[in-house]
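Below is input_8.tsv, which holds TSV, C-alpha atoms and all ligand atoms.
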```tsv
chain	number	residue	atom	x	y	z
R	1	MET	CA	-25.98	-5.01	-40.38
R	2	GLU	CA	-29.19	-5.25	-38.38
R	3	ILE	CA	-31.42	-8.27	-38.91
R	4	SER	CA	-35.00	-8.26	-37.58
R	5	GLU	CA	-36.91	-11.49	-37.16
R	6	ASN	CA	-40.46	-12.55	-37.95
R	7	ILE	CA	-41.59	-9.26	-39.50
R	8	SER	CA	-44.83	-8.49	-41.36
R	9	LEU	CA	-44.50	-7.81	-45.11
R	10	GLN	CA	-47.81	-5.94	-45.19
R	11	ALA	CA	-46.35	-2.42	-45.47
R	12	LEU	CA	-43.50	-3.59	-47.69
R	13	HIS	CA	-45.45	-4.52	-50.82
R	14	SER	CA	-48.27	-2.83	-52.70
R	15	PHE	CA	-50.78	-5.71	-52.44
R	16	GLY	CA	-50.54	-5.27	-48.66
R	17	CYS	CA	-51.11	-8.94	-47.75
R	18	ASN	CA	-50.25	-9.79	-44.19
R	19	GLU	CA	-47.61	-12.44	-44.85
R	20	LYS	CA	-44.45	-12.66	-42.74
R	21	ALA	CA	-40.73	-12.97	-43.42
R	22	SER	CA	-38.40	-14.88	-41.11
R	23	TYR	CA	-35.62	-12.27	-41.42
R	24	PHE	CA	-35.42	-8.70	-42.66
R	25	THR	CA	-32.67	-6.16	-43.25
R	26	LYS	CA	-32.20	-2.84	-45.04
R	27	ILE	CA	-29.44	-2.32	-47.59
R	28	ASP	CA	-28.06	1.19	-47.96
R	29	SER	CA	-24.60	0.47	-49.41
R	30	VAL	CA	-22.83	-1.97	-51.71
R	31	GLU	CA	-20.98	-3.38	-48.69
R	32	ALA	CA	-24.34	-4.15	-47.08
R	33	ILE	CA	-25.28	-6.28	-50.12
R	34	GLU	CA	-22.17	-8.42	-49.71
R	35	LYS	CA	-22.58	-8.78	-45.94
R	36	SER	CA	-26.28	-9.70	-46.11
R	37	ILE	CA	-25.79	-12.29	-48.83
R	38	GLN	CA	-22.88	-13.79	-46.94
R	39	TRP	CA	-25.12	-13.97	-43.85
R	40	ALA	CA	-27.88	-15.72	-45.83
R	41	LYS	CA	-25.41	-18.15	-47.41
R	42	GLU	CA	-23.88	-19.04	-44.02
R	43	LYS	CA	-27.34	-19.62	-42.58
R	44	ASN	CA	-28.32	-21.53	-45.72
R	45	THR	CA	-31.49	-19.48	-46.01
R	46	PRO	CA	-33.09	-18.11	-49.20
R	47	TYR	CA	-33.13	-14.37	-49.79
R	48	LEU	CA	-35.22	-11.92	-51.73
R	49	ILE	CA	-34.67	-8.27	-52.68
R	50	LEU	CA	-37.53	-5.84	-52.31
R	51	GLY	CA	-37.60	-2.36	-53.80
R	52	SER	CA	-40.96	-0.85	-53.02
R	53	GLY	CA	-42.69	-4.19	-53.56
R	54	SER	CA	-44.95	-2.94	-56.33
R	55	ASN	CA	-44.73	-5.98	-58.61
R	56	ILE	CA	-44.82	-8.89	-56.19
R	57	LEU	CA	-47.43	-11.10	-54.57
R	58	PHE	CA	-46.70	-13.09	-51.42
R	59	THR	CA	-48.89	-16.19	-51.22
R	60	LYS	CA	-47.24	-17.63	-48.10
R	61	PRO	CA	-44.73	-16.65	-45.40
R	62	PHE	CA	-41.25	-16.05	-46.79
R	63	GLU	CA	-38.92	-18.37	-44.93
R	64	GLY	CA	-35.72	-16.51	-45.55
R	65	LEU	CA	-34.10	-13.08	-45.54
R	66	VAL	CA	-35.85	-10.11	-47.15
R	67	LEU	CA	-33.43	-7.35	-48.14
R	68	LYS	CA	-35.00	-3.93	-48.63
R	69	MET	CA	-33.00	-1.99	-51.21
R	70	GLU	CA	-32.24	1.53	-50.00
R	71	ILE	CA	-29.10	2.52	-51.93
R	72	MET	CA	-29.75	6.15	-52.84
R	73	GLY	CA	-28.23	8.92	-54.95
R	74	ILE	CA	-28.48	10.53	-58.39
R	75	LYS	CA	-25.05	11.39	-59.78
R	76	LYS	CA	-24.28	13.18	-63.05
R	77	LEU	CA	-21.37	11.31	-64.66
R	78	LYS	CA	-21.05	13.25	-67.91
R	79	GLU	CA	-22.84	15.87	-69.97
R	80	THR	CA	-22.38	16.59	-73.66
R	81	ALA	CA	-24.16	19.06	-75.96
R	82	SER	CA	-26.93	16.54	-76.54
R	83	GLU	CA	-26.86	13.97	-73.73
R	84	VAL	CA	-26.66	13.57	-69.97
R	85	PHE	CA	-25.30	10.41	-68.30
R	86	LEU	CA	-26.63	9.70	-64.83
R	87	GLU	CA	-25.87	7.01	-62.27
R	88	VAL	CA	-28.79	6.33	-59.96
R	89	GLY	CA	-28.93	4.24	-56.77
R	90	ALA	CA	-31.20	1.18	-56.96
R	91	GLY	CA	-33.27	2.34	-53.99
R	92	GLU	CA	-34.33	5.69	-55.48
R	93	ASN	CA	-38.05	6.02	-56.15
R	94	TRP	CA	-38.67	5.68	-59.90
R	95	HIS	CA	-41.22	8.48	-60.23
R	96	TYR	CA	-39.05	10.83	-58.14
R	97	PHE	CA	-36.20	10.14	-60.59
R	98	VAL	CA	-38.46	10.77	-63.61
R	99	ILE	CA	-39.60	14.10	-62.17
R	100	TYR	CA	-35.98	15.05	-61.37
R	101	CYS	CA	-35.15	14.60	-65.10
R	102	VAL	CA	-38.38	16.26	-66.29
R	103	GLN	CA	-37.65	19.37	-64.21
R	104	LYS	CA	-34.25	19.67	-65.88
R	105	GLY	CA	-35.85	19.21	-69.32
R	106	TRP	CA	-33.95	15.95	-69.94
R	107	GLY	CA	-36.02	13.62	-72.09
R	108	GLY	CA	-36.33	9.86	-72.47
R	109	ILE	CA	-38.31	8.60	-69.48
R	110	GLU	CA	-41.18	11.13	-69.28
R	111	ASN	CA	-43.61	8.53	-70.71
R	112	LEU	CA	-42.74	6.36	-67.72
R	113	SER	CA	-44.01	8.90	-65.16
R	114	LEU	CA	-45.93	7.63	-62.14
R	115	ILE	CA	-44.92	3.98	-62.57
R	116	PRO	CA	-44.66	2.66	-59.01
R	117	GLY	CA	-41.39	1.09	-57.89
R	118	THR	CA	-37.70	1.77	-57.51
R	119	VAL	CA	-34.93	2.52	-60.02
R	120	GLY	CA	-33.31	-0.86	-59.29
R	121	ALA	CA	-36.52	-2.68	-60.16
R	122	ALA	CA	-36.97	-0.85	-63.48
R	123	PRO	CA	-34.48	-3.01	-65.46
R	124	ILE	CA	-35.73	-6.27	-63.89
R	125	GLN	CA	-39.04	-6.25	-65.68
R	126	ASN	CA	-38.04	-3.58	-68.18
R	127	ILE	CA	-40.92	-1.32	-67.16
R	128	GLY	CA	-42.80	0.17	-70.07
R	129	ALA	CA	-45.72	2.40	-70.93
R	130	TYR	CA	-47.03	4.55	-73.80
R	131	GLY	CA	-44.51	3.39	-76.38
R	132	VAL	CA	-41.37	3.62	-74.20
R	133	GLU	CA	-39.47	1.00	-72.20
R	134	ALA	CA	-36.80	1.50	-69.54
R	135	LYS	CA	-34.30	-0.29	-71.80
R	136	ASP	CA	-34.46	2.62	-74.27
R	137	CYS	CA	-32.49	4.81	-71.83
R	138	ILE	CA	-30.41	2.29	-69.87
R	139	GLU	CA	-26.69	2.30	-70.65
R	140	LEU	CA	-25.28	0.09	-67.87
R	141	VAL	CA	-26.48	-1.86	-64.86
R	142	THR	CA	-24.21	-2.57	-61.89
R	143	ALA	CA	-25.15	-5.67	-59.93
R	144	TYR	CA	-23.76	-8.07	-57.35
R	145	ASP	CA	-23.49	-11.57	-58.79
R	146	THR	CA	-24.33	-13.84	-55.88
R	147	GLN	CA	-22.85	-16.87	-57.70
R	148	THR	CA	-19.37	-15.40	-58.08
R	149	SER	CA	-19.60	-12.94	-55.13
R	150	GLN	CA	-18.42	-10.12	-57.44
R	151	PHE	CA	-19.88	-6.82	-58.58
R	152	ILE	CA	-20.29	-6.74	-62.35
R	153	THR	CA	-21.30	-4.11	-64.89
R	154	LEU	CA	-23.64	-5.20	-67.65
R	155	ASN	CA	-24.24	-3.20	-70.81
R	156	ASN	CA	-27.65	-2.88	-72.44
R	157	ALA	CA	-27.22	-6.00	-74.61
R	158	ASP	CA	-25.95	-8.08	-71.65
R	159	CYS	CA	-29.20	-7.32	-69.80
R	160	LYS	CA	-31.24	-9.31	-72.41
R	161	PHE	CA	-34.16	-6.94	-72.23
R	162	GLY	CA	-37.50	-8.03	-73.66
R	163	TYR	CA	-41.17	-7.19	-73.14
R	164	ARG	CA	-41.48	-7.06	-69.31
R	165	THR	CA	-38.40	-9.24	-68.91
R	166	SER	CA	-34.60	-9.22	-68.63
R	167	LEU	CA	-31.66	-11.35	-67.51
R	168	PHE	CA	-32.47	-10.24	-63.94
R	169	LYS	CA	-36.00	-11.61	-64.13
R	170	MET	CA	-34.92	-14.81	-65.88
R	171	GLU	CA	-32.23	-15.57	-63.29
R	172	LYS	CA	-34.54	-14.54	-60.45
R	173	THR	CA	-32.23	-14.16	-57.38
R	174	ARG	CA	-28.78	-14.36	-58.95
R	175	TYR	CA	-28.13	-10.64	-59.45
R	176	ILE	CA	-28.71	-7.79	-57.01
R	177	ILE	CA	-28.81	-4.49	-58.82
R	178	SER	CA	-27.04	-1.70	-56.92
R	179	SER	CA	-27.20	1.13	-59.48
R	180	VAL	CA	-28.34	1.91	-63.01
R	181	GLN	CA	-26.77	4.28	-65.57
R	182	PHE	CA	-29.14	6.19	-67.84
R	183	ILE	CA	-28.62	8.35	-70.93
R	184	LEU	CA	-31.09	11.24	-71.16
R	185	GLN	CA	-31.57	13.52	-74.16
R	186	LYS	CA	-31.31	17.30	-74.11
R	187	GLN	CA	-33.15	17.58	-77.46
R	188	PRO	CA	-35.49	14.63	-77.06
R	189	ILE	CA	-37.62	13.01	-79.71
R	190	PHE	CA	-41.08	12.93	-78.15
R	191	ARG	CA	-43.14	9.74	-78.15
R	192	THR	CA	-46.71	11.00	-78.44
R	193	GLU	CA	-48.23	8.43	-80.81
R	194	TYR	CA	-50.15	6.62	-78.03
R	195	GLY	CA	-53.81	7.60	-78.45
R	196	ALA	CA	-54.52	8.83	-74.92
R	197	ILE	CA	-51.38	11.03	-74.85
R	198	LYS	CA	-52.32	12.60	-78.17
R	199	GLU	CA	-55.81	13.26	-76.85
R	200	VAL	CA	-54.69	14.92	-73.60
R	201	LEU	CA	-52.14	17.11	-75.41
R	202	HIS	CA	-54.82	18.08	-77.92
R	203	GLN	CA	-57.33	18.93	-75.14
R	204	LYS	CA	-54.69	21.14	-73.54
R	205	ASN	CA	-53.98	22.70	-76.93
R	206	ASN	CA	-50.37	21.68	-76.56
R	207	LYS	CA	-49.06	21.94	-80.12
R	208	GLN	CA	-45.39	21.83	-79.18
R	209	PRO	CA	-45.02	19.11	-76.59
R	210	SER	CA	-42.33	19.37	-73.94
R	211	VAL	CA	-40.89	16.77	-71.59
R	212	GLU	CA	-43.02	18.33	-68.87
R	213	ALA	CA	-46.27	18.38	-70.91
R	214	ILE	CA	-45.88	14.69	-71.74
R	215	ALA	CA	-45.12	13.78	-68.12
R	216	ASN	CA	-48.23	15.69	-67.04
R	217	ALA	CA	-50.36	13.96	-69.70
R	218	VAL	CA	-49.10	10.53	-68.56
R	219	ILE	CA	-49.75	11.40	-64.91
R	220	GLN	CA	-53.30	12.45	-65.82
R	221	ILE	CA	-53.97	9.27	-67.85
R	222	ARG	CA	-52.58	6.94	-65.19
R	223	THR	CA	-54.38	8.73	-62.35
R	224	GLU	CA	-57.70	8.41	-64.21
R	225	LYS	CA	-57.27	4.80	-65.26
R	226	LEU	CA	-55.17	2.95	-62.69
R	227	PRO	CA	-55.79	2.46	-58.96
R	228	ASP	CA	-53.44	4.25	-56.56
R	229	PRO	CA	-51.57	1.51	-54.62
R	230	LYS	CA	-51.49	3.84	-51.59
R	231	LYS	CA	-55.30	3.66	-51.48
R	232	ILE	CA	-56.07	0.18	-52.81
R	233	GLY	CA	-53.80	-2.86	-52.97
R	234	ASN	CA	-52.61	-3.68	-56.50
R	235	ALA	CA	-49.47	-4.27	-58.55
R	236	GLY	CA	-50.45	-2.58	-61.83
R	237	SER	CA	-50.96	-4.98	-64.74
R	238	PHE	CA	-51.22	-8.45	-63.26
R	239	PHE	CA	-50.82	-10.21	-66.62
R	240	LYS	CA	-48.68	-9.66	-69.71
R	241	ASN	CA	-50.26	-8.95	-73.07
R	242	PRO	CA	-49.94	-12.30	-74.87
R	243	THR	CA	-48.61	-12.83	-78.39
R	244	ILE	CA	-50.16	-15.17	-80.94
R	245	THR	CA	-49.46	-16.16	-84.53
R	246	LYS	CA	-51.00	-14.27	-87.44
R	247	ASP	CA	-52.97	-17.39	-88.45
R	248	PHE	CA	-54.53	-17.65	-85.01
R	249	TYR	CA	-55.16	-13.89	-84.98
R	250	GLU	CA	-57.12	-14.22	-88.23
R	251	VAL	CA	-59.27	-16.98	-86.74
R	252	LEU	CA	-59.97	-14.86	-83.65
R	253	ILE	CA	-60.69	-11.58	-85.44
R	254	ALA	CA	-63.20	-13.31	-87.71
R	255	LYS	CA	-65.02	-14.55	-84.61
R	256	TYR	CA	-64.48	-11.43	-82.44
R	257	PRO	CA	-64.31	-8.38	-84.73
R	258	LYS	CA	-63.79	-6.05	-81.74
R	259	LEU	CA	-60.67	-7.87	-80.53
R	260	ILE	CA	-57.82	-5.41	-79.84
R	261	ALA	CA	-54.48	-6.54	-81.27
R	262	TYR	CA	-51.33	-5.05	-82.80
R	263	PRO	CA	-48.89	-6.67	-85.24
R	264	ILE	CA	-45.41	-7.03	-83.71
R	265	THR	CA	-43.79	-8.69	-86.73
R	266	ASP	CA	-45.21	-10.04	-89.99
R	267	ASP	CA	-46.23	-13.25	-88.19
R	268	ILE	CA	-46.87	-12.23	-84.60
R	269	TYR	CA	-49.69	-10.21	-83.03
R	270	LYS	CA	-49.87	-8.83	-79.50
R	271	ILE	CA	-53.33	-9.07	-77.98
R	272	ALA	CA	-54.72	-6.65	-75.36
R	273	ALA	CA	-55.12	-8.98	-72.36
R	274	GLY	CA	-57.40	-6.38	-70.75
R	275	TRP	CA	-59.82	-6.81	-73.64
R	276	LEU	CA	-59.78	-10.63	-73.35
R	277	ILE	CA	-60.44	-10.45	-69.59
R	278	GLU	CA	-63.20	-7.90	-70.03
R	279	ALA	CA	-64.76	-10.03	-72.79
R	280	CYS	CA	-64.89	-12.94	-70.32
R	281	GLY	CA	-66.99	-10.74	-68.03
R	282	TRP	CA	-64.44	-10.05	-65.29
R	283	LYS	CA	-64.25	-6.24	-65.40
R	284	GLY	CA	-65.40	-4.82	-62.04
R	285	ILE	CA	-66.12	-8.29	-60.56
R	286	GLN	CA	-65.32	-8.72	-56.85
R	287	LYS	CA	-65.02	-12.03	-55.02
R	288	GLY	CA	-64.27	-11.81	-51.30
R	289	ASN	CA	-61.32	-9.49	-50.76
R	290	VAL	CA	-60.21	-9.46	-54.40
R	291	GLY	CA	-61.46	-7.90	-57.61
R	292	CYS	CA	-60.81	-7.11	-61.24
R	293	TYR	CA	-60.43	-3.31	-61.42
R	294	GLU	CA	-63.49	-1.61	-62.89
R	295	LYS	CA	-61.52	0.72	-65.20
R	296	GLN	CA	-58.78	-1.66	-66.40
R	297	SER	CA	-59.25	-5.44	-66.35
R	298	LEU	CA	-55.51	-6.17	-66.43
R	299	VAL	CA	-55.29	-4.93	-62.84
R	300	ILE	CA	-56.24	-7.12	-59.89
R	301	VAL	CA	-57.13	-5.18	-56.76
R	302	HIS	CA	-57.00	-6.23	-53.11
R	303	TYR	CA	-59.86	-4.49	-51.30
R	304	ASN	CA	-59.50	-5.84	-47.79
R	305	ASN	CA	-57.04	-7.60	-45.60
R	306	GLY	CA	-57.15	-11.01	-47.30
R	307	PRO	CA	-54.38	-13.58	-47.73
R	308	GLY	CA	-52.17	-13.49	-50.82
R	309	ILE	CA	-53.31	-16.93	-51.91
R	310	GLU	CA	-56.84	-15.52	-52.45
R	311	ILE	CA	-55.42	-13.06	-54.99
R	312	TYR	CA	-53.46	-15.85	-56.66
R	313	ASN	CA	-56.54	-18.09	-56.87
R	314	PHE	CA	-58.57	-15.23	-58.35
R	315	SER	CA	-55.87	-14.71	-61.00
R	316	GLU	CA	-55.98	-18.45	-61.76
R	317	GLU	CA	-59.75	-18.25	-62.33
R	318	ILE	CA	-59.19	-15.43	-64.82
R	319	ILE	CA	-56.46	-17.41	-66.60
R	320	GLN	CA	-58.70	-20.47	-66.87
R	321	SER	CA	-61.67	-18.52	-68.19
R	322	VAL	CA	-59.58	-16.73	-70.87
R	323	LEU	CA	-58.06	-20.08	-71.83
R	324	LYS	CA	-61.49	-21.66	-72.13
R	325	GLN	CA	-63.02	-18.86	-74.20
R	326	PHE	CA	-60.09	-17.83	-76.40
R	327	ASP	CA	-57.56	-20.70	-76.16
R	328	ILE	CA	-54.93	-18.18	-75.02
R	329	LEU	CA	-52.85	-18.82	-71.91
R	330	LEU	CA	-52.24	-15.59	-69.99
R	331	GLU	CA	-48.92	-15.24	-68.23
R	332	ARG	CA	-48.62	-13.40	-64.92
R	333	GLU	CA	-46.47	-10.29	-65.03
R	334	VAL	CA	-46.35	-10.00	-61.24
R	335	ILE	CA	-43.67	-12.04	-59.43
R	336	ILE	CA	-45.23	-14.71	-57.23
R	337	TYR	CA	-43.69	-15.97	-53.98
R	401	LIG	N1	-58.73	-2.67	-72.87
R	401	LIG	C1	-60.01	-3.17	-72.78
R	401	LIG	N2	-60.48	-3.52	-71.55
R	401	LIG	C2	-59.76	-3.36	-70.42
R	401	LIG	C3	-58.44	-2.87	-70.53
R	401	LIG	C4	-57.96	-2.52	-71.76
R	401	LIG	O1	-60.71	-3.30	-73.78
R	401	LIG	O2	-60.26	-3.70	-69.35
R	401	LIG	C5	-58.23	-2.22	-74.17
R	401	LIG	C6	-58.07	-0.72	-74.21
R	401	LIG	O3	-59.24	-0.06	-74.55
R	401	LIG	C7	-56.98	-0.52	-75.23
R	401	LIG	C8	-56.14	-1.79	-75.12
R	401	LIG	O4	-56.94	-2.74	-74.40
R	401	LIG	O5	-57.51	-0.46	-76.52
R	401	LIG	C9	-54.84	-1.54	-74.38
R	401	LIG	O6	-55.12	-0.97	-73.10
R	401	LIG	P1	-54.14	0.05	-72.40
R	401	LIG	O7	-53.74	1.11	-73.32
R	401	LIG	O8	-54.74	0.42	-71.08
R	401	LIG	O9	-52.83	-0.77	-72.18
R	401	LIG	P2	-52.59	-2.27	-71.70
R	401	LIG	O10	-52.06	-3.04	-72.85
R	401	LIG	O11	-53.79	-2.81	-71.02
R	401	LIG	C10	-50.10	-1.82	-71.13
R	401	LIG	C11	-49.17	-2.02	-69.98
R	401	LIG	C12	-49.40	-0.97	-68.91
R	401	LIG	C13	-49.17	0.39	-69.54
R	401	LIG	C14	-50.12	0.56	-70.73
R	401	LIG	C15	-49.89	1.83	-71.49
R	401	LIG	C16	-48.74	-4.42	-69.97
R	401	LIG	C17	-48.94	-5.71	-69.27
R	401	LIG	N3	-49.35	-3.37	-69.42
R	401	LIG	O12	-51.42	-2.04	-70.65
R	401	LIG	O13	-48.44	-1.16	-67.91
R	401	LIG	O14	-49.38	1.43	-68.59
R	401	LIG	O15	-49.92	-0.53	-71.66
R	401	LIG	O16	-48.73	1.74	-72.25
R	401	LIG	O17	-48.03	-4.36	-70.98
R	401	LIG	C18	-48.01	-2.20	-65.82
R	401	LIG	O18	-47.14	-2.85	-66.40
R	401	LIG	O19	-48.24	-2.34	-64.60
R	401	LIG	C19	-48.81	-1.26	-66.58
R	401	LIG	C20	-49.82	-0.59	-66.05
```
Once you've parsed the file, please lay out its structure as structure tokens.
Ligand code: EPU
Amino acid sequence: MEISENISLQALHSFGCNEKASYFTKIDSVEAIEKSIQWAKEKNTPYLILGSGSNILFTKPFEGLVLKMEIMGIKKLKETASEVFLEVGAGENWHYFVIYCVQKGWGGIENLSLIPGTVGAAPIQNIGAYGVEAKDCIELVTAYDTQTSQFITLNNADCKFGYRTSLFKMEKTRYIISSVQFILQKQPIFRTEYGAIKEVLHQKNNKQPSVEAIANAVIQIRTEKLPDPKKIGNAGSFFKNPTITKDFYEVLIAKYPKLIAYPITDDIYKIAAGWLIEACGWKGIQKGNVGCYEKQSLVIVHYNNGPGIEIYNFSEEIIQSVLKQFDILLEREVIIY
């Protein structure tokens, strides 16, 4: 185990802020997880796992050990007439894994093409897009429980998946995911109800969608609408879409007939946070090194080499203005350190 000291986190997270970590190590095996955590415990220093750092904002130096997850490998465990069971190392790139499945014609995660991040990070915030969430295809998650110093295997229900959340997000640093088992479908049911997917498939005259056609449509939509973290610092949606009661929804829709909202249950509506932020005038606004992305207000972008706290403060201004205008408290989706 090699530990470096006082390293820059700039290239290790997609916001690219120049904060530092006291200690840094790479993890490429399950043994390395145990050794690194033991090291951190002996030194009585906090630790943090980074995949590709695409959903995290550092607002100050991290005074502890950063562990970069690099456990690799895609292993077929079982194949039946209709399903394929795969075990994937937590350090594998998510999009690479999606394309691996798409090329084999295995369905289930094609709607999640081009989401930045690693396979091990996917269950943490239960990544989701265009009507599909990672939880829909996850069978088991193997993780190191730092409280009991044991590896455990959690089934789908154990993971307590919700909208952009899970047990792993709720218990922040307790579990370190080493691998994830997925079930993919050989005769998939396609999820094409999302408006933009329908439109792209229609434009391409694609009457019989395939796993590949959907993946290509999603790649096109995301490329057009979301900033590429390799070119401009960002972490995708910065906020979650909030939920409100039906009664409150009725008050709002009467006042703002263009409000975008979807019923989740008979009593609960999910509101498009991007619409709320845009309605408060933030779309395309830049202040110093930070801005609200001009094509999607849910995304905060980092234009120059500013400190993380500037991004945090900008997000706080957005939260306060949405609260003032709509009486809705936005919650950050990005993990803040
Ligand atoms: N909208 C606006 N103004 C904006 C942004 C959006 O009016 O600035 C409207 C859109 O026109 C649309 C509605 O809000 O009618 C929803 O927008 P969109 O389809 O872009 O989806 P979203 O709710 O803003 C969520 C996810 C995205 C995911 C898309 C597609 C969250 C927090 N975000 O965004 O996930 O790609 O749906 O399924 O749930 C991410 O998590 O990083 C991410 C990009």
Q: Return as a list of chain:residue names the residues of protein, DNA or RNA that approach ligand LIG 401 (chain R) to within 6 Å, with all atoms listed in the file taken into account.
A: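 Going residue by residue within 6 Å of ligand LIG 401 (chain R), we get R:Ala129, R:Tyr130, R:Gly236, R:Ser237, R:Phe239, R:Lys240, R:Asn241, R:Ile260, R:Ala272, R:Gly274, R:Trp275, R:Glu278, R:Gln296, R:Ser297, R:Leu298.
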Q: Determine, counting only C-alpha atoms, every residue of protein, DNA or RNA that lies within 10 Å of (-36.1, 2.7, -68.9) in the file coordinates, then give the result as an MDAnalysis selection string.
A: chainID R and resid 94 98 108:112 119 122:123 125:129 132:139 180 182:183
Q | Selected residue, from R:Gln150, R:Asn289, R:Ser4, R:Asn18, that lies nearest to Glu34 (chain R) when counting only C-alpha atoms | A |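 Result for the nearest residue to Glu34 (chain R): R:Gln150.
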Q) Taking only C-alpha atoms into account, which of R:Lys76, R:Lys231, R:Lys172, R:Lys207 comes nearest Thr146 (chain R)? A) R:Lys172
Q: Would you please work out which residue, of R:Thr148, R:Leu276, R:Glu310, R:Gln208, is nearest to Leu329 (chain R) when using all atoms listed in the file?
A: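 Among R:Thr148, R:Leu276, R:Glu310, R:Gln208, it is R:Leu276 that comes nearest to Leu329 (chain R).
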Q) So how far away is CA of Thr223 (chain R) from CA of Tyr100 (chain R), in Å? A)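 Going from CA of Tyr100 (chain R) over to CA of Thr223 (chain R), I get 19.5 Å.
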